[in-house]
>>> print(open('final32.txt').read())   # compact mmCIF, C-alpha atoms
# COMPACT_ATOMS: atom_id res chain seq x y z
CA MET A 129 7.27 16.84 9.16
CA ASP A 130 4.75 15.98 6.44
CA PRO A 131 1.27 14.65 7.41
CA ILE A 132 2.09 10.98 6.73
CA GLY A 133 5.29 11.10 8.75
CA SER A 134 3.46 12.92 11.54
CA THR A 135 0.79 10.21 11.72
CA VAL A 136 3.23 7.30 11.71
CA LEU A 137 5.96 8.75 13.91
CA GLY A 138 4.20 11.42 15.93
CA GLY A 139 3.59 11.16 19.66
CA SER A 140 4.84 7.97 21.25
CA LEU A 141 3.82 5.73 18.36
CA LEU A 142 7.42 5.00 17.43
CA LEU A 143 7.87 3.48 20.90
CA ALA A 144 4.38 2.06 21.30
CA ALA A 145 4.11 0.17 18.01
CA PRO A 146 6.84 -2.43 18.78
CA LEU A 147 5.36 -2.90 22.26
CA ALA A 148 1.90 -3.43 20.76
CA LEU A 149 3.36 -6.01 18.36
CA ALA A 150 5.04 -7.80 21.27
CA ALA A 151 1.83 -7.66 23.32
CA GLY A 152 -0.05 -9.36 20.48
CA LEU A 153 2.54 -12.13 20.35
CA VAL A 154 2.33 -12.59 24.12
CA SER A 155 -1.46 -12.86 23.81
CA PHE A 156 -1.04 -15.60 21.21
CA LEU A 157 1.32 -17.51 23.50
CA SER A 158 -0.97 -17.19 26.53
CA PRO A 159 -2.46 -20.44 27.91
CA CYS A 160 -6.01 -19.49 26.91
CA VAL A 161 -5.14 -18.97 23.23
CA LEU A 162 -2.21 -21.22 22.27
CA PRO A 163 -3.88 -24.57 23.15
CA LEU A 164 -6.90 -23.61 21.04
CA VAL A 165 -4.98 -22.75 17.87
CA PRO A 166 -5.13 -26.22 16.22
CA GLY A 167 -8.89 -26.37 16.78
CA TYR A 168 -9.41 -22.86 15.45
CA LEU A 169 -7.34 -23.58 12.35
CA SER A 170 -9.26 -26.77 11.69
CA TYR A 171 -12.60 -25.08 12.28
CA ALA A 172 -11.80 -22.03 10.14
CA SER A 173 -10.60 -24.19 7.26
CA GLY A 174 -13.13 -27.00 7.67
CA MET A 175 -10.27 -29.51 7.92
CA SER A 176 -9.53 -31.53 11.05
CA GLY A 177 -5.91 -31.87 12.15
CA ALA A 178 -6.62 -35.36 13.47
CA ALA A 179 -8.07 -36.31 10.11
CA VAL A 180 -4.92 -35.03 8.41
CA GLU A 181 -2.72 -37.28 10.53
CA GLN A 182 -5.02 -40.29 10.04
CA ARG A 183 -4.90 -39.87 6.28
CA ARG A 184 -1.12 -39.66 6.30
CA ALA A 185 -0.89 -42.77 8.47
CA ALA A 186 -3.23 -44.63 6.14
CA GLY A 187 -1.15 -43.51 3.17
CA SER A 188 2.05 -44.73 4.83
CA ALA A 189 0.49 -48.14 5.33
CA ALA A 190 -0.63 -48.25 1.68
CA GLY A 191 2.79 -47.45 0.23
CA GLY A 192 4.99 -44.63 -1.04
CA SER A 193 2.83 -43.53 -3.98
CA ALA A 194 -0.19 -43.24 -1.70
CA VAL A 195 1.77 -41.01 0.67
CA GLU A 196 2.73 -38.71 -2.22
CA GLU A 197 -0.90 -38.44 -3.34
CA ILE A 198 -2.06 -37.62 0.18
CA ASP A 199 0.73 -35.05 0.67
CA GLU A 200 -0.33 -33.35 -2.58
CA ASP A 201 -3.91 -33.30 -1.32
CA LEU A 202 -2.76 -31.86 2.00
CA ALA A 203 -0.84 -29.13 0.13
CA ARG A 204 -4.09 -28.10 -1.56
CA ASN A 205 -5.86 -28.20 1.80
CA ARG A 206 -3.09 -26.08 3.28
CA ARG A 207 -4.03 -23.26 0.92
CA THR A 208 -7.57 -23.50 2.24
CA MET A 209 -6.29 -23.46 5.81
CA VAL A 210 -4.12 -20.39 5.17
CA LEU A 211 -7.04 -18.57 3.55
CA GLY A 212 -9.31 -19.53 6.44
CA SER A 213 -6.71 -18.21 8.89
CA LEU A 214 -6.42 -14.92 7.00
CA LEU A 215 -10.20 -14.48 7.15
CA PHE A 216 -10.23 -15.43 10.83
CA VAL A 217 -7.50 -12.86 11.61
CA ALA A 218 -9.35 -10.24 9.56
CA GLY A 219 -12.42 -10.82 11.73
CA PHE A 220 -10.81 -10.10 15.09
CA THR A 221 -8.68 -7.32 13.55
CA LEU A 222 -11.90 -5.52 12.61
CA VAL A 223 -13.01 -5.68 16.25
CA PHE A 224 -9.75 -4.59 17.87
CA VAL A 225 -8.93 -1.84 15.35
CA SER A 226 -12.44 -0.40 15.75
CA VAL A 227 -11.99 -0.31 19.52
CA GLY A 228 -8.55 1.26 19.09
CA GLY A 229 -10.00 4.01 16.91
CA PHE A 230 -12.63 4.79 19.53
CA VAL A 231 -10.06 4.86 22.36
CA GLY A 232 -7.79 7.12 20.30
CA TRP A 233 -10.73 9.46 19.61
CA LEU A 234 -11.52 9.52 23.32
CA GLY A 235 -7.90 10.38 24.10
CA ASP A 236 -8.03 13.24 21.62
CA LEU A 237 -11.27 14.47 23.20
CA LEU A 238 -9.75 14.44 26.70
CA ILE A 239 -6.37 15.83 25.67
CA ASP A 240 -6.43 18.42 28.50
CA TYR A 241 -6.58 15.63 31.06
CA THR A 242 -4.12 13.28 29.38
CA GLU A 243 -1.46 13.38 32.10
CA PRO A 244 -3.59 12.33 35.11
CA ILE A 245 -5.56 9.79 33.05
CA THR A 246 -2.31 8.33 31.70
CA ARG A 247 -1.06 7.83 35.26
CA VAL A 248 -4.30 6.09 36.21
CA LEU A 249 -4.10 3.88 33.11
CA GLY A 250 -0.48 3.13 33.99
CA ALA A 251 -1.50 1.94 37.45
CA LEU A 252 -4.19 -0.22 35.83
CA THR A 253 -1.62 -1.64 33.41
CA ILE A 254 0.63 -2.59 36.34
CA LEU A 255 -2.32 -4.35 37.97
CA LEU A 256 -3.13 -6.20 34.74
CA GLY A 257 0.52 -7.19 34.34
CA LEU A 258 0.52 -8.73 37.81
CA ALA A 259 -2.73 -10.51 36.97
CA PHE A 260 -1.22 -11.83 33.73
CA MET A 261 1.63 -13.28 35.81
CA GLY A 262 -0.97 -15.06 37.96
CA LEU A 263 -0.20 -13.01 41.07
CA ILE A 264 -3.79 -11.72 41.50
CA PRO A 265 -6.31 -14.55 42.00
CA GLY A 266 -9.66 -14.33 40.24
CA MET A 267 -8.51 -12.11 37.36
CA GLY A 268 -7.74 -14.92 34.94
CA ARG A 269 -11.32 -15.76 34.11
CA GLU A 270 -12.52 -15.98 30.55
CA PHE A 271 -15.94 -15.57 28.98
CA ARG A 272 -16.61 -17.15 25.61
CA PHE A 273 -19.31 -17.40 23.00
CA HIS A 274 -20.15 -21.07 22.88
CA ARG A 275 -22.30 -20.83 19.75
CA ALA A 276 -20.00 -20.84 16.76
CA PRO A 277 -20.73 -20.22 13.07
CA ARG A 278 -20.65 -23.00 10.55
CA ALA A 279 -17.19 -24.44 9.92
CA GLY A 280 -15.33 -23.50 6.76
CA LEU A 281 -14.17 -20.38 4.92
CA ALA A 282 -17.61 -18.71 4.98
CA GLY A 283 -17.71 -18.82 8.77
CA ALA A 284 -14.04 -17.90 9.34
CA PRO A 285 -14.50 -14.07 9.45
CA LEU A 286 -17.47 -14.36 11.81
CA LEU A 287 -15.49 -16.77 13.94
CA GLY A 288 -12.73 -14.14 14.12
CA ILE A 289 -15.24 -11.49 15.21
CA LEU A 290 -16.57 -13.81 17.91
CA PHE A 291 -13.00 -14.48 19.01
CA GLY A 292 -12.40 -10.73 19.29
CA LEU A 293 -15.52 -10.30 21.39
CA GLY A 294 -15.60 -13.51 23.39
CA TRP A 295 -11.93 -13.83 24.30
CA THR A 296 -11.37 -10.18 25.26
CA PRO A 297 -11.47 -10.92 29.03
CA CYS A 298 -8.94 -13.70 28.50
CA ILE A 299 -6.40 -11.58 26.60
CA GLY A 300 -7.54 -8.48 28.49
CA PRO A 301 -4.25 -7.55 30.22
CA THR A 302 -2.23 -7.23 27.02
CA LEU A 303 -5.08 -5.73 25.03
CA ALA A 304 -5.87 -3.19 27.77
CA ALA A 305 -2.21 -2.13 27.89
CA VAL A 306 -2.24 -1.51 24.14
CA GLN A 307 -5.49 0.46 24.34
CA SER A 308 -4.00 2.52 27.18
CA LEU A 309 -1.16 3.45 24.85
CA ALA A 310 -3.73 4.17 22.12
CA PHE A 311 -5.43 6.60 24.49
CA THR A 312 -2.17 8.50 25.03
CA GLU A 313 -1.72 8.78 21.25
CA GLY A 314 -4.83 11.00 21.08
CA GLY A 315 -6.26 10.35 17.62
CA VAL A 316 -8.47 7.91 15.75
CA GLY A 317 -5.83 7.06 13.14
CA ARG A 318 -3.06 6.48 15.65
CA GLY A 319 -5.31 4.44 17.92
CA MET A 320 -6.33 2.23 15.00
CA LEU A 321 -2.74 1.87 13.79
CA LEU A 322 -1.52 0.86 17.23
CA SER A 323 -4.30 -1.74 17.49
CA LEU A 324 -3.35 -2.99 14.03
CA PHE A 325 0.19 -3.66 15.28
CA TYR A 326 -1.31 -5.63 18.15
CA CYS A 327 -3.37 -7.67 15.68
CA LEU A 328 -0.25 -8.34 13.60
CA GLY A 329 1.47 -9.77 16.66
CA LEU A 330 -1.56 -11.88 17.52
CA GLY A 331 -2.54 -12.87 13.97
CA ALA A 332 0.76 -13.55 12.21
CA PRO A 333 1.43 -16.74 14.25
CA PHE A 334 -2.06 -18.02 13.34
CA ILE A 335 -1.25 -17.61 9.65
CA LEU A 336 2.25 -19.08 10.00
CA ALA A 337 0.86 -22.05 11.92
CA SER A 338 -1.67 -22.72 9.16
CA ALA A 339 1.10 -22.70 6.53
CA LEU A 340 3.31 -25.03 8.59
CA TYR A 341 0.57 -26.96 10.34
CA ARG A 342 2.32 -30.22 11.22
CA ARG A 343 5.54 -28.48 12.32
CA ALA A 344 3.50 -25.97 14.29
CA LEU A 345 1.91 -28.74 16.38
CA THR A 346 5.39 -29.75 17.58
CA ALA A 347 6.28 -26.11 18.30
CA PHE A 348 3.07 -25.64 20.29
CA THR A 349 3.99 -28.59 22.48
CA TRP A 350 7.38 -27.00 23.21
CA LEU A 351 5.79 -23.63 23.98
CA ARG A 352 3.12 -25.07 26.27
CA ARG A 353 5.85 -26.54 28.44
CA ARG A 354 7.19 -23.01 28.91
CA THR A 355 3.87 -21.28 29.51
CA ARG A 356 4.83 -20.03 32.96
CA THR A 357 8.01 -18.38 31.66
CA ILE A 358 6.06 -16.71 28.83
CA MET A 359 3.40 -15.44 31.24
CA VAL A 360 5.98 -14.00 33.65
CA ALA A 361 7.90 -12.30 30.83
CA GLY A 362 4.70 -10.88 29.31
CA GLY A 363 3.44 -9.68 32.68
CA ALA A 364 6.79 -8.05 33.46
CA MET A 365 6.59 -6.17 30.15
CA LEU A 366 3.16 -4.82 31.09
CA VAL A 367 4.37 -3.81 34.55
CA LEU A 368 7.29 -1.90 33.03
CA ILE A 369 4.98 -0.11 30.57
CA GLY A 370 2.62 0.80 33.41
CA ALA A 371 5.46 2.04 35.60
CA ALA A 372 6.71 4.25 32.77
CA MET A 373 3.23 5.74 32.39
CA VAL A 374 2.76 6.32 36.14
CA THR A 375 6.16 7.95 36.70
CA GLY A 376 6.03 10.18 33.61
CA LEU A 377 8.97 8.35 32.04
CA TRP A 378 6.76 7.46 29.06
CA ALA A 379 6.25 11.16 28.28
CA GLU A 380 10.00 11.77 28.53
CA LEU A 381 10.73 8.87 26.18
CA THR A 382 8.16 10.29 23.78
CA VAL A 383 10.03 13.60 23.63
CA ILE A 384 13.28 11.75 22.95
CA ALA A 385 11.62 9.69 20.16
CA GLN A 386 10.24 12.87 18.60
CA GLY A 387 13.77 14.24 18.54
CA TRP A 388 14.96 11.18 16.64
CA THR A 389 12.39 11.73 13.91
CA ALA A 390 12.36 15.54 13.78
CA GLY A 391 14.12 15.62 10.42
CA PHE A 392 12.42 12.60 8.88
CA ARG A 393 10.65 13.03 5.53
CA THR A 394 8.60 10.34 3.78
CA VAL A 395 9.04 9.75 0.07
CA ILE A 396 5.31 10.14 -0.69
>>> encode(input="final32.txt", output="structure tokens")
Amino acid sequence: MDPIGSTVLGGSLLLAAPLALAAGLVSFLSPCVLPLVPGYLSYASGMSGAAVEQRRAAGSAAGGSAVEEIDEDLARNRRTMVLGSLLFVAGFTLVFVSVGGFVGWLGDLLIDYTEPITRVLGALTILLGLAFMGLIPGMGREFRFHRAPRAGLAGAPLLGILFGLGWTPCIGPTLAAVQSLAFTEGGVGRGMLLSLFYCLGLGAPFILASALYRRALTAFTWLRRRTRTIMVAGGAMLVLIGAAMVTGLWAELTVIAQGWTAGFRTVI
């Protein structure tokens, strides 16, 4: 297999990448992130969601032409909100991908001890999965930075970095599971790539919500009513990943995945 194919498909990355993507999505849907999304979008873009609705209501009272003018203005503001969300996502992606690279490097350094460490990390992942489901009291705490940068596009990347640092204990179970998989990959590039998939799962809904802001508010209400189901499903996923790591099933699945891609060749 050529070097590019080896990096993308080598080890367990073919199996781990979709799980990392799903873990990022679960983190977004968790009760300590989802309720904050409207505020983060407003802060990153410098535009208040409440102000948006007030302006539309005022336009409706003024007549049809006023509504059209306000909707056009909101469309321009939406571009600002999307850009602010992209910068915000870029900020926390920088944090998580950097950590993933370090964890992958550490896994490569300790390659001779990968099997016992993987089993220990698997047990930790099971514990974190149970905590994510709310079955272990005291492990759902969160620590935040309460001093935020100035609102608007200029502060959006820094806000993303602070999110990556300050909310790590809150999204810790899913993030720790992904970093455990990054450790088993044994390499800086693979660790960073796996963390990037996690950031895609966590960040894509932020960007989509900014593009469809008013519809997203309705969707968030629907999702918040099903928070418990989402938490149980996400926790169960982590428990299954941890169990696979502890029992050695993960290593066996890795061998099978390598067999699938043995003859693969990239076009570049």
>>> residues_around(input="final32.txt", residues="Val306 of chain A", least_positions_apart="5", cutoff="10 Å", atoms="all atoms listed in the file", output="list in words")
Ala144, Ala145, Leu147, Ala148, Leu149, Ala151, Gly152, Gly228, Thr253, Gly300, Pro301, Phe311, Gly319, Leu322, Ser323, Phe325, Tyr326, Leu366 and Ile369 of chain A
>>> write_last_selection(input="final32.txt", atoms="C-alpha atoms", output="mmCIF file, in the coordinates of the input")
data_model
loop_
_atom_site.group_PDB
_atom_site.id
_atom_site.type_symbol
_atom_site.label_atom_id
_atom_site.label_comp_id
_atom_site.auth_asym_id
_atom_site.auth_seq_id
_atom_site.Cartn_x
_atom_site.Cartn_y
_atom_site.Cartn_z
ATOM 1 C CA ALA A 144 4.380 2.060 21.300
ATOM 2 C CA ALA A 145 4.110 0.170 18.010
ATOM 3 C CA LEU A 147 5.360 -2.900 22.260
ATOM 4 C CA ALA A 148 1.900 -3.430 20.760
ATOM 5 C CA LEU A 149 3.360 -6.010 18.360
ATOM 6 C CA ALA A 151 1.830 -7.660 23.320
ATOM 7 C CA GLY A 152 -0.050 -9.360 20.480
ATOM 8 C CA GLY A 228 -8.550 1.260 19.090
ATOM 9 C CA THR A 253 -1.620 -1.640 33.410
ATOM 10 C CA GLY A 300 -7.540 -8.480 28.490
ATOM 11 C CA PRO A 301 -4.250 -7.550 30.220
ATOM 12 C CA PHE A 311 -5.430 6.600 24.490
ATOM 13 C CA GLY A 319 -5.310 4.440 17.920
ATOM 14 C CA LEU A 322 -1.520 0.860 17.230
ATOM 15 C CA SER A 323 -4.300 -1.740 17.490
ATOM 16 C CA PHE A 325 0.190 -3.660 15.280
ATOM 17 C CA TYR A 326 -1.310 -5.630 18.150
ATOM 18 C CA LEU A 366 3.160 -4.820 31.090
ATOM 19 C CA ILE A 369 4.980 -0.110 30.570
#
>>> atom_distance(input="final32.txt", atom1="atom CA of Gly212 of chain A", atom2="atom CA of Gly288 of chain A")
10.0 Å
>>> residues_near_point(input="final32.txt", point="(-0.1, 2.1, 32.7)", cutoff="10 Å", atoms="only C-alpha atoms", output="list in words")
Ile245, Thr246, Arg247, Val248, Leu249, Gly250, Ala251, Leu252, Thr253, Ile254, Leu255, Leu256, Gly257, Ala304, Ala305, Val306, Ser308, Leu309, Leu366, Val367, Leu368, Ile369, Gly370, Ala371, Ala372, Met373, Val374, Thr375 and Trp378 of chain A
>>> residues_near_point(input="final32.txt", point="(-10.5, -19.1, 9.5)", cutoff="8 Å", atoms="only C-alpha atoms", output="PDB file with C-alpha atoms, in the frame of the given file")
ATOM      1  CA  TYR A 168      -9.410 -22.860  15.450  1.00  0.00           C
ATOM      2  CA  LEU A 169      -7.340 -23.580  12.350  1.00  0.00           C
ATOM      3  CA  TYR A 171     -12.600 -25.080  12.280  1.00  0.00           C
ATOM      4  CA  ALA A 172     -11.800 -22.030  10.140  1.00  0.00           C
ATOM      5  CA  SER A 173     -10.600 -24.190   7.260  1.00  0.00           C
ATOM      6  CA  MET A 209      -6.290 -23.460   5.810  1.00  0.00           C
ATOM      7  CA  VAL A 210      -4.120 -20.390   5.170  1.00  0.00           C
ATOM      8  CA  LEU A 211      -7.040 -18.570   3.550  1.00  0.00           C
ATOM      9  CA  GLY A 212      -9.310 -19.530   6.440  1.00  0.00           C
ATOM     10  CA  SER A 213      -6.710 -18.210   8.890  1.00  0.00           C
ATOM     11  CA  LEU A 214      -6.420 -14.920   7.000  1.00  0.00           C
ATOM     12  CA  LEU A 215     -10.200 -14.480   7.150  1.00  0.00           C
ATOM     13  CA  PHE A 216     -10.230 -15.430  10.830  1.00  0.00           C
ATOM     14  CA  VAL A 217      -7.500 -12.860  11.610  1.00  0.00           C
ATOM     15  CA  GLY A 280     -15.330 -23.500   6.760  1.00  0.00           C
ATOM     16  CA  LEU A 281     -14.170 -20.380   4.920  1.00  0.00           C
ATOM     17  CA  GLY A 283     -17.710 -18.820   8.770  1.00  0.00           C
ATOM     18  CA  ALA A 284     -14.040 -17.900   9.340  1.00  0.00           C
ATOM     19  CA  PRO A 285     -14.500 -14.070   9.450  1.00  0.00           C
ATOM     20  CA  LEU A 287     -15.490 -16.770  13.940  1.00  0.00           C
ATOM     21  CA  GLY A 288     -12.730 -14.140  14.120  1.00  0.00           C
TER      22      GLY A 288
END
>>> atom_distance(input="final32.txt", atom1="atom CA of Thr355 of chain A", atom2="atom CA of Leu321 of chain A")
28.8 Å
>>> decode(input="final32.txt", residues="segment 240-251 of chain A", atoms="all heavy atoms", output="mmCIF file, in the first residue's frame")
data_model
loop_
_atom_site.group_PDB
_atom_site.id
_atom_site.type_symbol
_atom_site.label_atom_id
_atom_site.label_comp_id
_atom_site.auth_asym_id
_atom_site.auth_seq_id
_atom_site.Cartn_x
_atom_site.Cartn_y
_atom_site.Cartn_z
ATOM 1 N N ASP A 240 5.568 -0.813 22.325
ATOM 2 C CA ASP A 240 5.831 -2.120 22.920
ATOM 3 C C ASP A 240 4.849 -2.463 24.035
ATOM 4 O O ASP A 240 4.729 -3.630 24.416
ATOM 5 C CB ASP A 240 7.262 -2.195 23.461
ATOM 6 C CG ASP A 240 8.305 -2.130 22.349
ATOM 7 O OD1 ASP A 240 7.959 -2.473 21.204
ATOM 8 O OD2 ASP A 240 9.452 -1.722 22.632
ATOM 9 N N TYR A 241 4.197 -1.445 24.568
ATOM 10 C CA TYR A 241 3.270 -1.674 25.681
ATOM 11 C C TYR A 241 1.824 -1.383 25.267
ATOM 12 O O TYR A 241 0.957 -1.192 26.125
ATOM 13 C CB TYR A 241 3.642 -0.775 26.865
ATOM 14 C CG TYR A 241 5.085 -0.895 27.276
ATOM 15 C CD1 TYR A 241 6.031 0.023 26.823
ATOM 16 C CD2 TYR A 241 5.515 -1.936 28.094
ATOM 17 C CE1 TYR A 241 7.371 -0.092 27.190
ATOM 18 C CE2 TYR A 241 6.851 -2.055 28.460
ATOM 19 C CZ TYR A 241 7.775 -1.124 28.002
ATOM 20 O OH TYR A 241 9.093 -1.241 28.366
ATOM 21 N N THR A 242 1.588 -1.371 23.959
ATOM 22 C CA THR A 242 0.272 -0.976 23.453
ATOM 23 C C THR A 242 -0.846 -1.864 23.980
ATOM 24 O O THR A 242 -1.903 -1.367 24.389
ATOM 25 C CB THR A 242 0.263 -0.990 21.915
ATOM 26 O OG1 THR A 242 1.187 -0.024 21.429
ATOM 27 C CG2 THR A 242 -1.127 -0.664 21.388
ATOM 28 N N GLU A 243 -0.638 -3.170 23.997
ATOM 29 C CA GLU A 243 -1.718 -4.084 24.381
ATOM 30 C C GLU A 243 -2.198 -3.859 25.812
ATOM 31 O O GLU A 243 -3.405 -3.661 26.022
ATOM 32 C CB GLU A 243 -1.280 -5.539 24.194
ATOM 33 C CG GLU A 243 -2.410 -6.521 24.504
ATOM 34 C CD GLU A 243 -2.013 -7.966 24.227
ATOM 35 O OE1 GLU A 243 -0.978 -8.186 23.559
ATOM 36 O OE2 GLU A 243 -2.744 -8.868 24.683
ATOM 37 N N PRO A 244 -1.316 -3.874 26.831
ATOM 38 C CA PRO A 244 -1.828 -3.647 28.198
ATOM 39 C C PRO A 244 -2.401 -2.251 28.389
ATOM 40 O O PRO A 244 -3.402 -2.081 29.099
ATOM 41 C CB PRO A 244 -0.596 -3.881 29.083
ATOM 42 C CG PRO A 244 0.583 -3.704 28.189
ATOM 43 C CD PRO A 244 0.137 -4.169 26.852
ATOM 44 N N ILE A 245 -1.761 -1.232 27.762
ATOM 45 C CA ILE A 245 -2.276 0.131 27.919
ATOM 46 C C ILE A 245 -3.639 0.259 27.251
ATOM 47 O O ILE A 245 -4.537 0.935 27.774
ATOM 48 C CB ILE A 245 -1.281 1.153 27.335
ATOM 49 C CG1 ILE A 245 0.022 1.144 28.150
ATOM 50 C CG2 ILE A 245 -1.885 2.549 27.342
ATOM 51 C CD1 ILE A 245 1.088 2.075 27.606
ATOM 52 N N THR A 246 -3.813 -0.390 26.111
ATOM 53 C CA THR A 246 -5.104 -0.355 25.419
ATOM 54 C C THR A 246 -6.197 -0.950 26.285
ATOM 55 O O THR A 246 -7.328 -0.438 26.331
ATOM 56 C CB THR A 246 -5.023 -1.112 24.079
ATOM 57 O OG1 THR A 246 -4.083 -0.452 23.232
ATOM 58 C CG2 THR A 246 -6.377 -1.143 23.391
ATOM 59 N N ARG A 247 -5.884 -2.024 26.996
ATOM 60 C CA ARG A 247 -6.883 -2.644 27.881
ATOM 61 C C ARG A 247 -7.243 -1.712 29.032
ATOM 62 O O ARG A 247 -8.412 -1.607 29.416
ATOM 63 C CB ARG A 247 -6.358 -3.978 28.404
ATOM 64 C CG ARG A 247 -6.196 -5.045 27.308
ATOM 65 C CD ARG A 247 -5.721 -6.360 27.881
ATOM 66 N NE ARG A 247 -5.410 -7.325 26.840
ATOM 67 C CZ ARG A 247 -6.290 -8.115 26.237
ATOM 68 N NH1 ARG A 247 -7.563 -8.060 26.612
ATOM 69 N NH2 ARG A 247 -5.923 -8.955 25.300
ATOM 70 N N VAL A 248 -6.242 -1.027 29.572
ATOM 71 C CA VAL A 248 -6.504 -0.063 30.646
ATOM 72 C C VAL A 248 -7.358 1.093 30.128
ATOM 73 O O VAL A 248 -8.330 1.521 30.774
ATOM 74 C CB VAL A 248 -5.184 0.469 31.234
ATOM 75 C CG1 VAL A 248 -5.456 1.612 32.211
ATOM 76 C CG2 VAL A 248 -4.421 -0.644 31.933
ATOM 77 N N LEU A 249 -7.009 1.607 28.940
ATOM 78 C CA LEU A 249 -7.793 2.687 28.342
ATOM 79 C C LEU A 249 -9.209 2.221 28.020
ATOM 80 O O LEU A 249 -10.164 3.004 28.108
ATOM 81 C CB LEU A 249 -7.102 3.193 27.072
ATOM 82 C CG LEU A 249 -5.784 3.950 27.280
ATOM 83 C CD1 LEU A 249 -5.149 4.287 25.929
ATOM 84 C CD2 LEU A 249 -6.008 5.221 28.086
ATOM 85 N N GLY A 250 -9.354 0.958 27.643
ATOM 86 C CA GLY A 250 -10.683 0.408 27.387
ATOM 87 C C GLY A 250 -11.536 0.400 28.641
ATOM 88 O O GLY A 250 -12.726 0.762 28.612
ATOM 89 N N ALA A 251 -10.912 -0.003 29.771
ATOM 90 C CA ALA A 251 -11.644 0.009 31.044
ATOM 91 C C ALA A 251 -12.048 1.436 31.414
ATOM 92 O O ALA A 251 -13.166 1.672 31.901
ATOM 93 C CB ALA A 251 -10.777 -0.611 32.138
#
